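To be precise, the following lines are protein.cif, and they hold mmCIF, C-alpha atoms.
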data_query
loop_
_atom_site.group_PDB
_atom_site.id
_atom_site.type_symbol
_atom_site.label_atom_id
_atom_site.label_comp_id
_atom_site.auth_asym_id
_atom_site.auth_seq_id
_atom_site.Cartn_x
_atom_site.Cartn_y
_atom_site.Cartn_z
ATOM 1 C CA MET A 1 48.411 -104.080 125.556
ATOM 2 C CA SER A 2 51.914 -103.492 124.125
ATOM 3 C CA ARG A 3 53.181 -105.304 121.074
ATOM 4 C CA THR A 4 55.561 -107.360 123.293
ATOM 5 C CA SER A 5 52.709 -108.355 125.576
ATOM 6 C CA ILE A 6 50.581 -109.424 122.629
ATOM 7 C CA ARG A 7 53.429 -111.535 121.248
ATOM 8 C CA PHE A 8 53.936 -113.162 124.690
ATOM 9 C CA PHE A 9 50.206 -113.874 124.945
ATOM 10 C CA LEU A 10 50.185 -115.460 121.476
ATOM 11 C CA ILE A 11 53.166 -117.655 122.342
ATOM 12 C CA LEU A 12 51.387 -118.826 125.506
ATOM 13 C CA LEU A 13 48.238 -119.516 123.529
ATOM 14 C CA THR A 14 50.143 -121.549 120.927
ATOM 15 C CA ALA A 15 51.927 -123.506 123.663
ATOM 16 C CA ALA A 16 48.647 -124.200 125.450
ATOM 17 C CA SER A 17 47.105 -125.413 122.238
ATOM 18 C CA ALA A 18 50.089 -127.630 121.407
ATOM 19 C CA THR A 19 50.132 -129.253 124.824
ATOM 20 C CA GLY A 20 46.418 -129.974 124.827
ATOM 21 C CA LEU A 21 45.680 -127.403 127.511
ATOM 22 C CA MET A 22 43.088 -125.580 125.425
ATOM 23 C CA PRO A 23 40.120 -127.887 126.169
ATOM 24 C CA ALA A 24 40.903 -127.606 129.861
ATOM 25 C CA LEU A 25 40.946 -123.836 129.637
ATOM 26 C CA ALA A 26 37.627 -123.859 127.834
ATOM 27 C CA ALA A 27 36.098 -126.146 130.431
ATOM 28 C CA ALA A 28 37.418 -123.967 133.238
ATOM 29 C CA ALA A 29 35.402 -121.089 131.771
ATOM 30 C CA GLY A 30 32.208 -123.053 132.664
ATOM 31 C CA PRO A 31 29.199 -123.987 130.534
ATOM 32 C CA GLY A 32 27.760 -121.501 128.089
ATOM 33 C CA PRO A 33 24.527 -119.559 128.417
ATOM 34 C CA VAL A 34 21.474 -121.558 129.463
ATOM 35 C CA THR A 35 17.922 -121.258 128.160
ATOM 36 C CA TYR A 36 15.126 -121.393 130.749
ATOM 37 C CA GLU A 37 11.439 -121.903 130.097
ATOM 38 C CA VAL A 38 8.664 -120.106 131.975
ATOM 39 C CA ARG A 39 5.300 -121.677 131.325
ATOM 40 C CA ILE A 40 2.271 -119.386 131.227
ATOM 41 C CA ASP A 41 -0.680 -121.575 132.069
ATOM 42 C CA GLY A 42 -3.850 -121.140 134.072
ATOM 43 C CA VAL A 43 -3.224 -117.384 134.373
ATOM 44 C CA ARG A 44 0.066 -117.806 136.235
ATOM 45 C CA PHE A 45 3.792 -117.877 135.544
ATOM 46 C CA ASP A 46 5.435 -121.210 136.281
ATOM 47 C CA PRO A 47 7.929 -120.985 137.897
ATOM 48 C CA GLN A 48 6.898 -117.731 139.500
ATOM 49 C CA GLU A 49 10.481 -117.041 140.622
ATOM 50 C CA LEU A 50 13.517 -117.790 138.477
ATOM 51 C CA THR A 51 17.232 -117.134 139.024
ATOM 52 C CA VAL A 52 19.520 -116.978 135.970
ATOM 53 C CA LYS A 53 22.957 -115.689 135.080
ATOM 54 C CA VAL A 54 23.845 -112.791 132.791
ATOM 55 C CA GLY A 55 23.765 -114.118 129.228
ATOM 56 C CA ASP A 56 21.076 -116.733 129.910
ATOM 57 C CA THR A 57 17.861 -116.667 127.901
ATOM 58 C CA ILE A 58 14.349 -116.993 129.290
ATOM 59 C CA VAL A 59 11.514 -118.183 127.053
ATOM 60 C CA TRP A 60 7.937 -117.483 128.134
ATOM 61 C CA THR A 61 5.443 -119.789 126.396
ATOM 62 C CA ASN A 62 1.734 -119.030 126.580
ATOM 63 C CA HIS A 63 -0.359 -122.184 127.010
ATOM 64 C CA ASP A 64 -3.572 -120.264 127.781
ATOM 65 C CA PRO A 65 -6.194 -119.693 125.060
ATOM 66 C CA PHE A 66 -5.833 -115.894 125.308
ATOM 67 C CA PRO A 67 -2.928 -113.410 125.290
ATOM 68 C CA HIS A 68 -0.626 -112.443 128.133
ATOM 69 C CA THR A 69 2.414 -110.202 128.572
ATOM 70 C CA SER A 70 5.622 -110.555 130.517
ATOM 71 C CA THR A 71 6.482 -107.029 131.569
ATOM 72 C CA ALA A 72 9.081 -105.926 134.118
ATOM 73 C CA VAL A 73 7.661 -103.473 136.625
ATOM 74 C CA GLY A 74 10.675 -101.217 135.902
ATOM 75 C CA LYS A 75 10.180 -101.764 132.129
ATOM 76 C CA GLN A 76 13.605 -103.490 131.738
ATOM 77 C CA PHE A 77 11.800 -105.956 129.481
ATOM 78 C CA ASN A 78 8.367 -106.066 127.907
ATOM 79 C CA SER A 79 7.114 -108.869 125.705
ATOM 80 C CA ARG A 80 4.002 -106.980 124.597
ATOM 81 C CA GLU A 81 1.139 -109.393 123.859
ATOM 82 C CA ILE A 82 2.145 -113.060 123.608
ATOM 83 C CA ALA A 83 -0.697 -114.698 121.689
ATOM 84 C CA ALA A 84 -2.160 -118.077 122.657
ATOM 85 C CA GLY A 85 0.315 -120.821 121.834
ATOM 86 C CA ARG A 86 3.179 -118.386 121.121
ATOM 87 C CA SER A 87 6.478 -117.693 122.878
ATOM 88 C CA TRP A 88 8.685 -114.716 123.624
ATOM 89 C CA LYS A 89 12.330 -114.790 124.657
ATOM 90 C CA PHE A 90 14.578 -112.403 126.496
ATOM 91 C CA THR A 91 18.333 -112.605 127.088
ATOM 92 C CA ALA A 92 19.387 -111.229 130.477
ATOM 93 C CA ARG A 93 22.127 -108.610 130.064
ATOM 94 C CA LYS A 94 21.995 -106.842 133.410
ATOM 95 C CA LYS A 95 22.220 -108.132 136.980
ATOM 96 C CA GLY A 96 19.359 -107.361 139.317
ATOM 97 C CA VAL A 97 16.006 -108.443 140.685
ATOM 98 C CA PHE A 98 13.200 -107.757 138.252
ATOM 99 C CA PRO A 99 9.618 -108.202 139.460
ATOM 100 C CA TYR A 100 7.330 -108.577 136.476
ATOM 101 C CA ALA A 101 3.628 -108.952 135.721
ATOM 102 C CA CYS A 102 1.125 -109.554 132.975
ATOM 103 C CA LEU A 103 -0.208 -106.150 131.983
ATOM 104 C CA LEU A 104 -3.490 -107.756 130.913
ATOM 105 C CA HIS A 105 -4.016 -109.759 134.117
ATOM 106 C CA PRO A 106 -2.792 -107.752 137.121
ATOM 107 C CA THR A 107 -3.010 -110.781 139.418
ATOM 108 C CA MET A 108 -0.215 -112.549 137.466
ATOM 109 C CA LEU A 109 3.131 -111.807 139.084
ATOM 110 C CA GLY A 110 6.645 -113.207 138.733
ATOM 111 C CA THR A 111 10.235 -112.400 139.676
ATOM 112 C CA LEU A 112 13.380 -112.756 137.564
ATOM 113 C CA ARG A 113 16.723 -112.665 139.380
ATOM 114 C CA VAL A 114 19.812 -112.128 137.242
ATOM 115 C CA GLU A 115 23.170 -112.902 138.924
ATOM 116 C CA MET B 1 -29.814 -102.972 144.001
ATOM 117 C CA LYS B 2 -32.171 -104.225 141.345
ATOM 118 C CA MET B 3 -29.161 -105.557 139.430
ATOM 119 C CA ILE B 4 -27.776 -107.369 142.481
ATOM 120 C CA GLY B 5 -31.201 -108.876 143.102
ATOM 121 C CA LEU B 6 -31.297 -110.093 139.512
ATOM 122 C CA VAL B 7 -27.905 -111.737 139.816
ATOM 123 C CA MET B 8 -28.869 -113.352 143.110
ATOM 124 C CA ALA B 9 -32.007 -114.724 141.501
ATOM 125 C CA MET B 10 -29.941 -115.999 138.565
ATOM 126 C CA SER B 11 -27.489 -117.666 140.944
ATOM 127 C CA LEU B 12 -30.268 -119.366 142.820
ATOM 128 C CA GLY B 13 -31.892 -120.362 139.555
ATOM 129 C CA LEU B 14 -28.650 -121.824 138.250
ATOM 130 C CA ALA B 15 -28.052 -123.766 141.456
ATOM 131 C CA ALA B 16 -31.635 -124.989 141.544
ATOM 132 C CA THR B 17 -31.535 -126.004 137.887
ATOM 133 C CA ALA B 18 -28.267 -127.813 138.383
ATOM 134 C CA ALA B 19 -29.542 -129.524 141.513
ATOM 135 C CA GLN B 20 -32.773 -130.671 139.861
ATOM 136 C CA ALA B 21 -30.977 -132.564 137.154
ATOM 137 C CA ALA B 22 -28.930 -135.676 137.724
ATOM 138 C CA GLY B 23 -26.053 -133.665 136.316
ATOM 139 C CA PRO B 24 -25.418 -132.257 132.860
ATOM 140 C CA THR B 25 -24.054 -134.440 130.090
ATOM 141 C CA ASP B 26 -20.963 -133.435 128.101
ATOM 142 C CA PRO B 27 -23.035 -131.912 125.231
ATOM 143 C CA GLN B 28 -24.975 -129.902 127.857
ATOM 144 C CA ILE B 29 -21.759 -128.825 129.592
ATOM 145 C CA ALA B 30 -20.413 -127.660 126.218
ATOM 146 C CA ALA B 31 -23.528 -125.510 125.713
ATOM 147 C CA ILE B 32 -23.255 -124.069 129.241
ATOM 148 C CA VAL B 33 -19.576 -123.153 128.722
ATOM 149 C CA VAL B 34 -20.166 -121.478 125.359
ATOM 150 C CA THR B 35 -23.223 -119.589 126.669
ATOM 151 C CA ALA B 36 -21.463 -118.462 129.861
ATOM 152 C CA ASN B 37 -18.615 -117.017 127.790
ATOM 153 C CA THR B 38 -20.922 -115.424 125.216
ATOM 154 C CA VAL B 39 -22.978 -113.705 127.916
ATOM 155 C CA ASP B 40 -19.857 -112.057 129.311
ATOM 156 C CA ILE B 41 -18.576 -111.103 125.842
ATOM 157 C CA ASP B 42 -21.901 -109.351 125.087
ATOM 158 C CA ALA B 43 -21.804 -107.397 128.360
ATOM 159 C CA GLY B 44 -18.181 -106.437 127.612
ATOM 160 C CA LYS B 45 -19.086 -105.151 124.144
ATOM 161 C CA LEU B 46 -21.747 -102.914 125.655
ATOM 162 C CA ALA B 47 -19.295 -101.620 128.294
ATOM 163 C CA ILE B 48 -16.748 -100.708 125.601
ATOM 164 C CA LYS B 49 -19.453 -98.630 123.893
ATOM 165 C CA ARG B 50 -20.931 -97.034 127.018
ATOM 166 C CA SER B 51 -18.161 -96.564 129.573
ATOM 167 C CA HIS B 52 -15.751 -93.625 129.596
ATOM 168 C CA THR B 53 -13.646 -95.022 132.440
ATOM 169 C CA LYS B 54 -10.248 -96.367 131.354
ATOM 170 C CA ASP B 55 -10.122 -99.219 133.915
ATOM 171 C CA VAL B 56 -13.653 -100.336 133.101
ATOM 172 C CA ARG B 57 -13.045 -100.241 129.341
ATOM 173 C CA GLU B 58 -9.771 -102.191 129.691
ATOM 174 C CA PHE B 59 -11.487 -104.765 131.881
ATOM 175 C CA ALA B 60 -14.320 -105.080 129.363
ATOM 176 C CA GLN B 61 -11.833 -105.591 126.527
ATOM 177 C CA ARG B 62 -10.094 -108.261 128.617
ATOM 178 C CA MET B 63 -13.423 -110.069 129.097
ATOM 179 C CA ILE B 64 -14.084 -109.975 125.346
ATOM 180 C CA THR B 65 -10.601 -111.245 124.415
ATOM 181 C CA ASP B 66 -10.264 -113.907 127.120
ATOM 182 C CA HIS B 67 -13.777 -115.340 126.868
ATOM 183 C CA THR B 68 -13.522 -115.385 123.071
ATOM 184 C CA GLY B 69 -10.288 -117.377 123.454
ATOM 185 C CA VAL B 70 -11.889 -119.800 125.911
ATOM 186 C CA ASN B 71 -14.868 -120.245 123.593
ATOM 187 C CA LYS B 72 -12.568 -120.975 120.650
ATOM 188 C CA SER B 73 -10.791 -123.659 122.704
ATOM 189 C CA ALA B 74 -14.127 -125.130 123.789
ATOM 190 C CA VAL B 75 -15.513 -125.171 120.229
ATOM 191 C CA ASP B 76 -12.264 -126.655 118.850
ATOM 192 C CA LEU B 77 -12.396 -129.399 121.473
ATOM 193 C CA VAL B 78 -16.051 -130.359 121.061
ATOM 194 C CA THR B 79 -15.581 -130.354 117.274
ATOM 195 C CA LYS B 80 -12.644 -132.723 117.677
ATOM 196 C CA LEU B 81 -14.651 -134.898 120.082
ATOM 197 C CA LYS B 82 -17.664 -134.793 117.732
ATOM 198 C CA VAL B 83 -19.816 -133.465 120.585
ATOM 199 C CA THR B 84 -22.715 -131.207 119.572
ATOM 200 C CA PRO B 85 -23.536 -128.629 122.281
ATOM 201 C CA GLU B 86 -27.033 -129.301 123.584
ATOM 202 C CA ASP B 87 -29.162 -126.431 124.891
ATOM 203 C CA ASN B 88 -30.520 -127.063 128.387
ATOM 204 C CA ALA B 89 -32.226 -125.344 131.318
ATOM 205 C CA THR B 90 -28.935 -124.011 132.726
ATOM 206 C CA SER B 91 -27.654 -122.588 129.428
ATOM 207 C CA GLN B 92 -31.100 -121.061 128.788
ATOM 208 C CA SER B 93 -31.122 -119.507 132.258
ATOM 209 C CA LEU B 94 -27.666 -118.034 131.671
ATOM 210 C CA LYS B 95 -28.723 -116.647 128.288
ATOM 211 C CA ALA B 96 -31.907 -115.083 129.682
ATOM 212 C CA GLY B 97 -29.990 -113.585 132.604
ATOM 213 C CA GLY B 98 -27.392 -112.159 130.238
ATOM 214 C CA GLU B 99 -30.032 -110.568 128.025
ATOM 215 C CA GLU B 100 -31.761 -109.029 131.031
ATOM 216 C CA ASN B 101 -28.458 -107.677 132.313
ATOM 217 C CA VAL B 102 -27.696 -106.011 128.963
ATOM 218 C CA HIS B 103 -31.249 -104.625 128.854
ATOM 219 C CA ASN B 104 -30.865 -103.090 132.326
ATOM 220 C CA LEU B 105 -27.387 -101.725 131.603
ATOM 221 C CA LYS B 106 -28.654 -99.975 128.471
ATOM 222 C CA MET B 107 -30.823 -97.760 130.678
ATOM 223 C CA LEU B 108 -27.788 -96.476 132.601
ATOM 224 C CA LYS B 109 -24.871 -94.203 131.810
ATOM 225 C CA GLY B 110 -21.804 -92.625 133.384
ATOM 226 C CA ALA B 111 -20.824 -93.708 136.894
ATOM 227 C CA ALA B 112 -24.111 -95.563 137.379
ATOM 228 C CA PHE B 113 -23.359 -97.699 134.313
ATOM 229 C CA ASP B 114 -19.797 -98.435 135.468
ATOM 230 C CA LYS B 115 -20.972 -99.471 138.914
ATOM 231 C CA ALA B 116 -23.782 -101.680 137.647
ATOM 232 C CA TYR B 117 -21.546 -103.330 135.015
ATOM 233 C CA VAL B 118 -18.698 -104.039 137.434
ATOM 234 C CA ASP B 119 -21.004 -105.166 140.267
ATOM 235 C CA HIS B 120 -22.616 -107.591 137.863
ATOM 236 C CA GLU B 121 -19.220 -108.843 136.656
ATOM 237 C CA VAL B 122 -18.206 -109.625 140.253
ATOM 238 C CA ALA B 123 -21.451 -111.477 140.949
ATOM 239 C CA TYR B 124 -21.458 -113.219 137.554
ATOM 240 C CA HIS B 125 -17.912 -114.540 137.895
ATOM 241 C CA GLU B 126 -18.693 -115.781 141.411
ATOM 242 C CA GLN B 127 -21.784 -117.501 140.035
ATOM 243 C CA VAL B 128 -19.943 -119.097 137.108
ATOM 244 C CA LEU B 129 -17.056 -120.211 139.333
ATOM 245 C CA GLY B 130 -19.555 -121.885 141.641
ATOM 246 C CA ALA B 131 -21.085 -123.716 138.681
ATOM 247 C CA VAL B 132 -17.643 -124.727 137.338
ATOM 248 C CA ASP B 133 -16.655 -126.186 140.726
ATOM 249 C CA THR B 134 -19.899 -127.853 141.783
ATOM 250 C CA VAL B 135 -21.571 -128.791 138.497
ATOM 251 C CA LEU B 136 -19.372 -128.657 135.405
ATOM 252 C CA ILE B 137 -16.034 -130.162 136.485
ATOM 253 C CA PRO B 138 -17.578 -132.937 138.639
ATOM 254 C CA ASN B 139 -19.967 -133.993 135.835
ATOM 255 C CA ALA B 140 -17.647 -133.754 132.808
ATOM 256 C CA ALA B 141 -17.228 -137.328 131.595
ATOM 257 C CA ASN B 142 -14.669 -136.771 128.847
ATOM 258 C CA ALA B 143 -11.163 -136.296 130.270
ATOM 259 C CA GLU B 144 -10.225 -133.601 127.739
ATOM 260 C CA LEU B 145 -13.394 -131.601 128.457
ATOM 261 C CA LYS B 146 -12.718 -131.857 132.189
ATOM 262 C CA ALA B 147 -9.085 -130.794 131.598
ATOM 263 C CA LEU B 148 -10.232 -127.739 129.617
ATOM 264 C CA LEU B 149 -12.541 -126.690 132.460
ATOM 265 C CA VAL B 150 -9.737 -127.125 134.968
ATOM 266 C CA GLN B 151 -7.373 -125.137 132.735
ATOM 267 C CA VAL B 152 -9.693 -122.159 132.229
ATOM 268 C CA ARG B 153 -10.943 -122.001 135.832
ATOM 269 C CA PRO B 154 -8.019 -119.771 136.954
ATOM 270 C CA ALA B 155 -9.033 -117.239 134.297
ATOM 271 C CA PHE B 156 -12.419 -116.842 136.003
ATOM 272 C CA VAL B 157 -10.654 -116.435 139.356
ATOM 273 C CA ALA B 158 -8.325 -113.773 137.880
ATOM 274 C CA HIS B 159 -11.278 -111.971 136.286
ATOM 275 C CA LEU B 160 -13.167 -112.007 139.587
ATOM 276 C CA GLU B 161 -10.159 -110.562 141.410
ATOM 277 C CA HIS B 162 -9.691 -107.927 138.687
ATOM 278 C CA ALA B 163 -13.400 -106.977 138.831
ATOM 279 C CA LYS B 164 -13.256 -106.678 142.627
ATOM 280 C CA ARG B 165 -10.289 -104.296 142.377
ATOM 281 C CA ILE B 166 -12.184 -102.058 139.975
ATOM 282 C CA GLN B 167 -15.283 -102.320 142.157
ATOM 283 C CA ALA B 168 -13.236 -101.069 145.125
ATOM 284 C CA SER B 169 -11.744 -98.231 143.049
ATOM 285 C CA LEU B 170 -15.218 -97.131 141.913
ATOM 286 C CA THR B 171 -16.559 -96.999 145.463
ATOM 287 C CA GLY B 172 -17.092 -93.420 146.482
ATOM 288 C CA LYS B 173 -17.088 -92.118 142.918
ATOM 289 C CA MET B 174 -20.872 -92.309 142.659
#
Show me, as structure tokens, the structure contained in the file I just sent.
Amino acid sequence: MSRTSIRFFLILLTAASATGLMPALAAAAGPGPVTYEVRIDGVRFDPQELTVKVGDTIVWTNHDPFPHTSTAVGKQFNSREIAAGRSWKFTARKKGVFPYACLLHPTMLGTLRVE
Amino acid sequence: MKMIGLVMAMSLGLAATAAQAAGPTDPQIAAIVVTANTVDIDAGKLAIKRSHTKDVREFAQRMITDHTGVNKSAVDLVTKLKVTPEDNATSQSLKAGGEENVHNLKMLKGAAFDKAYVDHEVAYHEQVLGAVDTVLIPNAANAELKALLVQVRPAFVAHLEHAKRIQASLTGKM
């Protein structure tokens, strides 16, 4: 960006701020990142399928009395062992469909979709 | 085959014992839960020592960790409820069956050990699930005890499924 362009941009920004347009601009950008909870209970992920946006955070909380993991099949994320009563969070940075499982209990499967 | 016969006899014994009684009380249910978990932990400890198969050893470690966790929850709950586990015919039958299983497994090694251990795990989890569904959950009087049984039931289902997968993978390796 040239120096002239930067100056023009700053003038626009100042004008927007002075006329009260700034809040509208902020709102137009949409809400910020969202945090989602996945409950691990009864040897299953709940919900089993979750769709989020890039930048959102997912928190897996283990309600079972023994450890679990939340591990993407393609290894894009891996909680390692989440002890009983503990949580693990992951912020989605890349779009895609990520099937995941508990490495300790192969029957536990879930899918995370990042848009 | 001897091992399968033993488990079948244990299953029948457990069902018969459960049927004879009017239904276990909460202190008796607590003793049955703790014993059922302990029996599987003991078999798992032996498998960790004896087996050289990665899948079998990992499964055994899972049984030790998960059933220890379930037992801790059960003990924490009955302590809170001021319920003292009460030994009974069913818990005694489980304990005796578990000791006999360990005794028989100690005479085996290699692929024969793996097969006998995993076959027993499949049968044992089927047996315990049957007891959870037909005896323990229906007779639990305290709501929190019943809720704990309902919460841990899926773990037994997952263990059974896991054991069956290993059982299938071991077939033909004898």
* **Picked residues, the PyMOL selection byres ((chain A) within 9 of (chain B)), expected as a ChimeraX atom specification** => /A:41-44,64-67,84,104-108
* For a cut-off of 6 Å around (6.5, -106.4, 136.9), file coordinates, pick out all residues using only C-alpha atoms and list them as a PyMOL selection string. => chain A and resi 71-73+99-101
* Kindly resolve the PyMOL selection byres ((chain A and resi 60) around 10) on the present coordinates and return the residues as an MDAnalysis selection string. => chainID A and resid 36:40 45:46 57:59 61:63 68:70 79 82 86:90
* To do: List the residues matched by the PyMOL selection byres ((chain A and resi 54) around 7) in the displayed structure as a ChimeraX atom specification, ordered by chain and then by residue number.
  => /A:52-53,55-56,92-95,114-115
* Determine the nearest neighbour of B:Val34 from the options B:Ala131, B:Leu108, B:Leu46, B:Leu94, counting only C-alpha atoms. => B:Leu94
Show me as an mmCIF file with C-alpha atoms, keeping the file's coordinate frame the residues that reach within 12 Å of (-18.0, -101.5, 125.1), counting all atoms listed in the file and using the file's own coordinates.
data_model
loop_
_atom_site.group_PDB
_atom_site.id
_atom_site.type_symbol
_atom_site.label_atom_id
_atom_site.label_comp_id
_atom_site.auth_asym_id
_atom_site.auth_seq_id
_atom_site.Cartn_x
_atom_site.Cartn_y
_atom_site.Cartn_z
ATOM 1 C CA ASP B 40 -19.857 -112.057 129.311
ATOM 2 C CA ILE B 41 -18.576 -111.103 125.842
ATOM 3 C CA ASP B 42 -21.901 -109.351 125.087
ATOM 4 C CA ALA B 43 -21.804 -107.397 128.360
ATOM 5 C CA GLY B 44 -18.181 -106.437 127.612
ATOM 6 C CA LYS B 45 -19.086 -105.151 124.144
ATOM 7 C CA LEU B 46 -21.747 -102.914 125.655
ATOM 8 C CA ALA B 47 -19.295 -101.620 128.294
ATOM 9 C CA ILE B 48 -16.748 -100.708 125.601
ATOM 10 C CA LYS B 49 -19.453 -98.630 123.893
ATOM 11 C CA ARG B 50 -20.931 -97.034 127.018
ATOM 12 C CA SER B 51 -18.161 -96.564 129.573
ATOM 13 C CA HIS B 52 -15.751 -93.625 129.596
ATOM 14 C CA THR B 53 -13.646 -95.022 132.440
ATOM 15 C CA LYS B 54 -10.248 -96.367 131.354
ATOM 16 C CA VAL B 56 -13.653 -100.336 133.101
ATOM 17 C CA ARG B 57 -13.045 -100.241 129.341
ATOM 18 C CA GLU B 58 -9.771 -102.191 129.691
ATOM 19 C CA PHE B 59 -11.487 -104.765 131.881
ATOM 20 C CA ALA B 60 -14.320 -105.080 129.363
ATOM 21 C CA GLN B 61 -11.833 -105.591 126.527
ATOM 22 C CA ARG B 62 -10.094 -108.261 128.617
ATOM 23 C CA MET B 63 -13.423 -110.069 129.097
ATOM 24 C CA ILE B 64 -14.084 -109.975 125.346
ATOM 25 C CA VAL B 102 -27.696 -106.011 128.963
ATOM 26 C CA LEU B 105 -27.387 -101.725 131.603
ATOM 27 C CA LYS B 106 -28.654 -99.975 128.471
ATOM 28 C CA PHE B 113 -23.359 -97.699 134.313
ATOM 29 C CA ASP B 114 -19.797 -98.435 135.468
ATOM 30 C CA TYR B 117 -21.546 -103.330 135.015
#
* For atom CA of B:Thr90 and atom CA of B:Val78, determine how far apart the two atoms are, in Å to one decimal place. =>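 If I compute the distance from atom CA of B:Thr90 to atom CA of B:Val78, I get 18.5 Å.
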* Asked: Do you know which residues are at most 9 Å from B:Leu149 counting only C-alpha atoms, after dropping those on the same chain fewer than 4 positions away, and could you put them as a PyMOL selection string?
  -> chain B and resi 33+74+132+136-137+140+144-145+153
* **Non-local contacts of B:Leu81 (9 Å; all atoms listed in the file; under 4 positions in same chain excluded) as a list of chain:residue names** =>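 Contacts, with the query itself left out: B:Asp76, B:Leu77, B:Asn142, B:Glu144.
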* To do: Counting only C-alpha atoms, figure out which residue out of A:Ala83, A:Pro33, A:Leu50, A:Asn78 gets nearest to A:Leu103.
  => A:Asn78
* Please measure the separation of atom CA of B:Ala89 and atom CA of B:His120, giving the value in Å to one decimal. =>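 Computed distance, atom CA of B:Ala89 to atom CA of B:His120, equals 21.2 Å.
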* So how many Å separate atom CA of B:Ala30 and atom CA of B:Pro85, to one decimal? ->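 Those two atoms sit 5.1 Å apart.
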* **Contacts of A:Glu49 at 7 Å (all atoms listed in the file; same-chain gap of 4+ positions) as an MDAnalysis selection string** => chainID A and resid 110:112
Missing atoms in stretch 78-90 of chain A: fill them in up to N, CA and C atoms and send the result as a PDB file, in the frame of the given file.
ATOM      1  N   ASN A  78       9.817-106.081 128.150  1.00  0.00           N
ATOM      2  CA  ASN A  78       8.367-106.066 127.907  1.00  0.00           C
ATOM      3  C   ASN A  78       8.071-106.879 126.655  1.00  0.00           C
ATOM      4  N   SER A  79       7.394-107.980 126.847  1.00  0.00           N
ATOM      5  CA  SER A  79       7.114-108.869 125.705  1.00  0.00           C
ATOM      6  C   SER A  79       6.073-108.283 124.748  1.00  0.00           C
ATOM      7  N   ARG A  80       5.276-107.337 125.236  1.00  0.00           N
ATOM      8  CA  ARG A  80       4.002-106.980 124.597  1.00  0.00           C
ATOM      9  C   ARG A  80       3.141-108.240 124.556  1.00  0.00           C
ATOM     10  N   GLU A  81       2.073-108.253 123.778  1.00  0.00           N
ATOM     11  CA  GLU A  81       1.139-109.393 123.859  1.00  0.00           C
ATOM     12  C   GLU A  81       1.743-110.679 123.279  1.00  0.00           C
ATOM     13  N   ILE A  82       1.737-111.728 124.085  1.00  0.00           N
ATOM     14  CA  ILE A  82       2.145-113.060 123.608  1.00  0.00           C
ATOM     15  C   ILE A  82       0.837-113.805 123.321  1.00  0.00           C
ATOM     16  N   ALA A  83       0.573-114.063 122.070  1.00  0.00           N
ATOM     17  CA  ALA A  83      -0.697-114.698 121.689  1.00  0.00           C
ATOM     18  C   ALA A  83      -0.757-116.135 122.207  1.00  0.00           C
ATOM     19  N   ALA A  84      -1.964-116.684 122.235  1.00  0.00           N
ATOM     20  CA  ALA A  84      -2.160-118.077 122.657  1.00  0.00           C
ATOM     21  C   ALA A  84      -1.261-118.991 121.828  1.00  0.00           C
ATOM     22  N   GLY A  85      -0.534-119.850 122.516  1.00  0.00           N
ATOM     23  CA  GLY A  85       0.315-120.821 121.834  1.00  0.00           C
ATOM     24  C   GLY A  85       1.659-120.269 121.363  1.00  0.00           C
ATOM     25  N   ARG A  86       1.925-118.987 121.595  1.00  0.00           N
ATOM     26  CA  ARG A  86       3.179-118.386 121.121  1.00  0.00           C
ATOM     27  C   ARG A  86       4.169-118.188 122.268  1.00  0.00           C
ATOM     28  N   SER A  87       5.427-117.897 121.886  1.00  0.00           N
ATOM     29  CA  SER A  87       6.478-117.693 122.878  1.00  0.00           C
ATOM     30  C   SER A  87       7.150-116.347 122.681  1.00  0.00           C
ATOM     31  N   TRP A  88       7.866-115.929 123.715  1.00  0.00           N
ATOM     32  CA  TRP A  88       8.685-114.716 123.624  1.00  0.00           C
ATOM     33  C   TRP A  88       9.939-114.947 124.447  1.00  0.00           C
ATOM     34  N   LYS A  89      11.106-114.552 123.892  1.00  0.00           N
ATOM     35  CA  LYS A  89      12.330-114.790 124.657  1.00  0.00           C
ATOM     36  C   LYS A  89      13.080-113.502 124.934  1.00  0.00           C
ATOM     37  N   PHE A  90      13.838-113.570 126.027  1.00  0.00           N
ATOM     38  CA  PHE A  90      14.578-112.403 126.496  1.00  0.00           C
ATOM     39  C   PHE A  90      15.924-112.892 127.027  1.00  0.00           C
TER      40      PHE A  90
END
